[in-house]
Structure formats: C-alpha cells, structure tokens
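Scroll down for the structure; my scribbles are underneath it.
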Amino acid sequence: MTNLGNIVAEFAGVAASMGLFGVPKALAVFAAALFVWWLVTQGDDKSVEKIFLFACLFYVTYALSCYAAHPHWRGVLKDTVTPRLPLDRSALAMLVGLIGTTIAPWMQFYQQSATVDKGLQASTYKYARLDVILGCIATNVVAVFIIVACSATLYPAGIRVDTAAEAALSLKPLAGKWASTLFAIGLLNASLFAASILPLSTAYSVCEGMGWQTGLDRSFDTAPQFYGLYTLLIAAGALVVCWPGFPLIKVMYWSQVVNGLLLPVILILCLQLSSREDLMGEYQNGRWFNIAAWTLTALMSAVSIAAILSPLWS
C-alpha cells in the first residue's frame with residue numbers, strides 16, 4: 001500500500017508539471033502511464049537502463065533553477081551547518097518524510113532485484129558499488145538544489161504552497177520565467193522516472209516472494225504475474241490521480257512519512273544479512289562500515305520514534 005501511495009504521488013507530479021504547460025490532467029496522466037508501461041514492458045534491461053541514464057541528465061534543471069533564484073550562499077552554508085528544527089509533531093513528521101523520500105524502502109528492494117536482473121557477477125561488484133555511491137551523492141545534491149531554490153524565493157516572500165505546481169508557479173515572479181519552467185521540467189522528469197521504477201520494485205518483491213518468474217528480459221508468456229502486477233500498479237496509480245477530489249497532497253506527503261517510519265526496519269534487516277560471513281563471504285560489511293551504518297540507522301530510528309511519540313509532549 002505504501003508503494004501504491006508513492007506511485008500515485010509520482011503521477012500527481014506528472015499532472016502538476018504538465019498542468020503548468022496547459023495540458024489537462026487526464027490527458028497528461030494517461031499519456032504518462034502509457035509511456036512508462038511501453039518503455040519498461042517493450043524493452044530489455046539494457047535499453048531501459050540507457051534511457052534512465054539519459055533521463056538523469058534532466059536533473060540539472062534543478063541546479064539551473066536554483067542558480068536563477070540567486071540564493072544567499074553564505075546563509076545557505078550557515079544554516080546547513082547549524083540547522084534550526086522545532087521538536088514538534090509537524091516538524092518531526094516532515095523530517096521523517098524527508099528521510100523516507102530520500103532513502104525509500106522500495107529502493108533497497110529494487111537495487112538488489114535490478115542487480116540480479118542484470119546478471120552482474122562478483123567480479124563487477126566494485127563497479128556496482130561505485131554506481132550506488134555516485135547515485136546517492138547525486139540524489140542528495142539534487143535535493144539540496146530544490147530546497148535552496150524554494151527557500152531563497154518562497155520562504156522570504158512568505159508564500160505557502162500546497163503542491164509542487166504551485167511551487168513552480170510561485171518561482172516565476174520571484175526568480176524569473178526560466179526558473180519556473182526548469183523546475184517544472186525537472187518535476188516531470190523525476191515523476192516519470194520514479195513512476196517507471198516504483199511499480200517495478202513492487203513487482204520484483206512480490207513475485208520473488210511468491211516464487212514467480214521476474215525480469216525485463218522475460219516475455220509476458222514466461223512472466224505473466226510480473227508484467228501483470230506491473231501493469232495493474234500503473235493503471236491503479238493513474239486512475240487514482242484522475243479521481244475527482246482525491247486528496248493528492250495528503251497521499252504524497254504521508255506516503256513519504258510511512259516510508260521514513262518503515263526505513264529503519266528495512267535497514268536493520270539489510271545490515272544483519274550483509275554482515276553475515278556465511279552469506280557474503282569476503283564481501284561482508286567491514287567493521288567501520290557497520291559502525292557508521294548502525295549509527296545512522298539508530299539515529300533514523302530515534303527520529304521515527306520521536307515523531308510517533310511527539311503528541312505526548314506537544
């Protein structure tokens with residue numbers, strides 16, 4: 001259900017971004033759903049991977065929109081080192097959601113399934129590891145650009161936004177037309193990207209757990225459950241977004257909060273498995289890696305627990 005909420009959130013992002021260009025919501029969502037379904041079901045893992053890598057180039061639009069916003073970089077650095085966070089329910093929930101959308105549980109499942117699907121061997125493990133590290137760095141850099149672009153324009157002006165589309169529109173008079181347009185393009189790209197991968201993550205996990213065939217190199221005949229579930233998730237996500245009056249923003253927000261609450265449980269299980277010598281052999285986690293990983297997991301768990309218990313002291 002959490003992943004379905006995330007899929008809905010991505011199609012909501014498609015509708016919001018295309019709405020800035022005058023495209024009706026139903027048309028934008030239907031076209032996006034058809035595109036991501038065709039992209040993944042009609043290609044193999046290599047062709048899909050190349051398209052995804054090309055799509056990553058569009059994330060530079062967030063950097064450009066941030067530059068167009070002309071932030072006060074000295075203030076940005078100061079607030080990064082000395083952040084101010086009120087310990088109330090709303091702030092803690094937002095922090096949990098921020099963690100959940102940056103290190104989502106579904107990413108852990110997709111990463112291992114995609115590695116198996118590619119047929120990677122132990123000899124190429126170091127390259128796969130480097131790929132993950134670079135991806136994590138790039139993700140956080142993009143997130144910083146988004147935060148800085150909005151904080152340099154919307155926050156000083158006292159503008160409250162309830163949708164990503166409103167954020168892009170509000171950037172226009174404050175930072176110029178190009179900042180708004182680039183933000184919208186980045187939102188569309190990110191939404192299409194995630195809308196393609198999220199259903200895959202769920203399809204991989206469910207089918208592997210049930211012992212069914214999986215893999216982008218397989219046909220519909222050899223992996224009907226895999227492709228059937230992928231199709232069902234895309235259709236459900238698109239239909240929910242088009243439902244009149246559906247609380248899209250609440251679904252987008254709370255799906256990320258649930259991600260953050262589930263993340264420590266997933267990370268604990270992953271760390272336990274990756275630290276076992278009988279499973280990992282020479283590739284098991286090292287001592288210093290485990291210290292760092294368990295410390296960060298403990299901090300995430302503490303934030304999640306604090307968010308759950310915050311109503312007791314609010």
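In the structure tokens, chains take the letters A, B, ... in the order shown, each chain's residues start at 1, and ligands count up from 1 in the order shown.
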For this session: Could you give me, as a PyMOL selection string, the residues within 12 Å of Val240 (chain A), counting only C-alpha atoms and dropping anything in the same chain fewer than 3 positions from it?
Result: chain A and resi 4-12+15+25-26+29-30+233-237+243-248+251
Exercise. Excluding same-chain residues fewer than 6 positions from Leu200 (chain A), what lies within 9 Å of it counting only C-alpha atoms, as JSON, numbers by chain?
Worked result: {"A": [40, 110, 226, 227, 229, 230]}
Take the residues that were just selected and, keeping N, CA and C atoms, output them as a compact mmCIF listing (two decimals), in the first residue's frame.
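Dumped to out12.txt:
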# COMPACT_ATOMS: atom_id res chain seq x y z
N VAL A 40 8.98 0.13 -20.26
CA VAL A 40 9.52 -0.98 -19.48
C VAL A 40 9.14 -2.34 -20.05
N TYR A 110 14.49 -2.68 -4.94
CA TYR A 110 14.73 -2.52 -6.37
C TYR A 110 16.21 -2.70 -6.70
N PHE A 226 4.54 -11.10 -13.17
CA PHE A 226 5.44 -9.95 -13.05
C PHE A 226 4.91 -8.78 -13.87
N TYR A 227 4.64 -9.02 -15.14
CA TYR A 227 4.14 -7.95 -16.01
C TYR A 227 2.69 -7.56 -15.67
N LEU A 229 1.28 -7.59 -12.65
CA LEU A 229 1.29 -6.75 -11.46
C LEU A 229 1.82 -5.36 -11.79
N TYR A 230 2.84 -5.31 -12.63
CA TYR A 230 3.40 -4.01 -13.05
C TYR A 230 2.32 -3.17 -13.75
Sorted per-residue table, region 225-307 of chain A near region 114-126 of chain A, closest atoms and distance, 12 Å, only C-alpha atoms, as a tab-separated table:
residue	atom	partner	partner_atom	distance
A:Met280	CA	A:Ala122	CA	10.6
A:Gly281	CA	A:Ala122	CA	11.0
A:Glu282	CA	A:Ala122	CA	10.4
A:Tyr283	CA	A:Ala122	CA	9.0
Per residue of region 174-251 of chain A within 8 Å of region 41-56 of chain A, which atom pair is closest and at what distance in Å (one decimal), using only C-alpha atoms, listed by chain and increasing number, as a Markdown table?
| residue | atom | partner | partner_atom | distance |
| --- | --- | --- | --- | --- |
| A:Asn189 | CA | A:Ala55 | CA | 6.9 |
| A:Phe193 | CA | A:Phe52 | CA | 7.1 |
| A:Leu216 | CA | A:Asp44 | CA | 5.2 |
| A:Asp217 | CA | A:Asp44 | CA | 5.1 |
| A:Tyr227 | CA | A:Thr41 | CA | 7.2 |
Exercise. Which parts of region 42-278 of chain A does DSSP call helix (DSSP H, G or I) when run on the backbone here, written out as an MDAnalysis selection string?
Worked result: chainID A and resid 45:68 73:81 89:102 105:118 122:151 164:175 177:210 224:242 248:274 277:278
Problem set entry | Top pick for closest residue to Phe109 (chain A), considering A:Ser196, A:Gln213, A:Thr202, A:Thr231 and counting only C-alpha atoms | A:Thr202
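The space separating CA of Thr102 (chain A) from CA of Gly135 (chain A) comes to 11.4 Å.
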Exercise. In terms of the shortest atom-to-atom distance over only C-alpha atoms, which of A:Ser255, A:Ser191, A:Thr297, A:Ser275 is closest to Ala16 (chain A)?
Worked result: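 Comparing A:Ser255, A:Ser191, A:Thr297, A:Ser275 against Ala16 (chain A), the winner is A:Ser191.
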Problem set entry | Selected residue, from A:Ala33, A:Phe58, A:Ala104, A:Val148, that lies nearest to Ala190 (chain A) when counting only C-alpha atoms |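 The closest residue to Ala190 (chain A) is A:Phe58.
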Exercise. Skipping near chain neighbours, those fewer than 4 positions away, what residues fall within 9 Å of Thr61 (chain A) using only C-alpha atoms, listed as a ChimeraX atom specification?
Worked result: /A:57,65-66,179,181-186
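CA of Pro105 (chain A) is found 5.4 Å from CA of Leu263 (chain A).
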For this session: Rank A:Ala298, A:Val241, A:Val96, A:Val142 by their smallest atom-to-atom distance to Gly13 (chain A), using only C-alpha atoms, and report the top residue only.
Result: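 Closest to Gly13 (chain A), using only C-alpha atoms: A:Val241.
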Problem set entry | For region 70-82 of chain A: contacts at 9 Å, only C-alpha atoms, fewer than 2 positions along chain excluded, given as a PyMOL selection string | chain A and resi 66-68+84+148-149+151-153+175
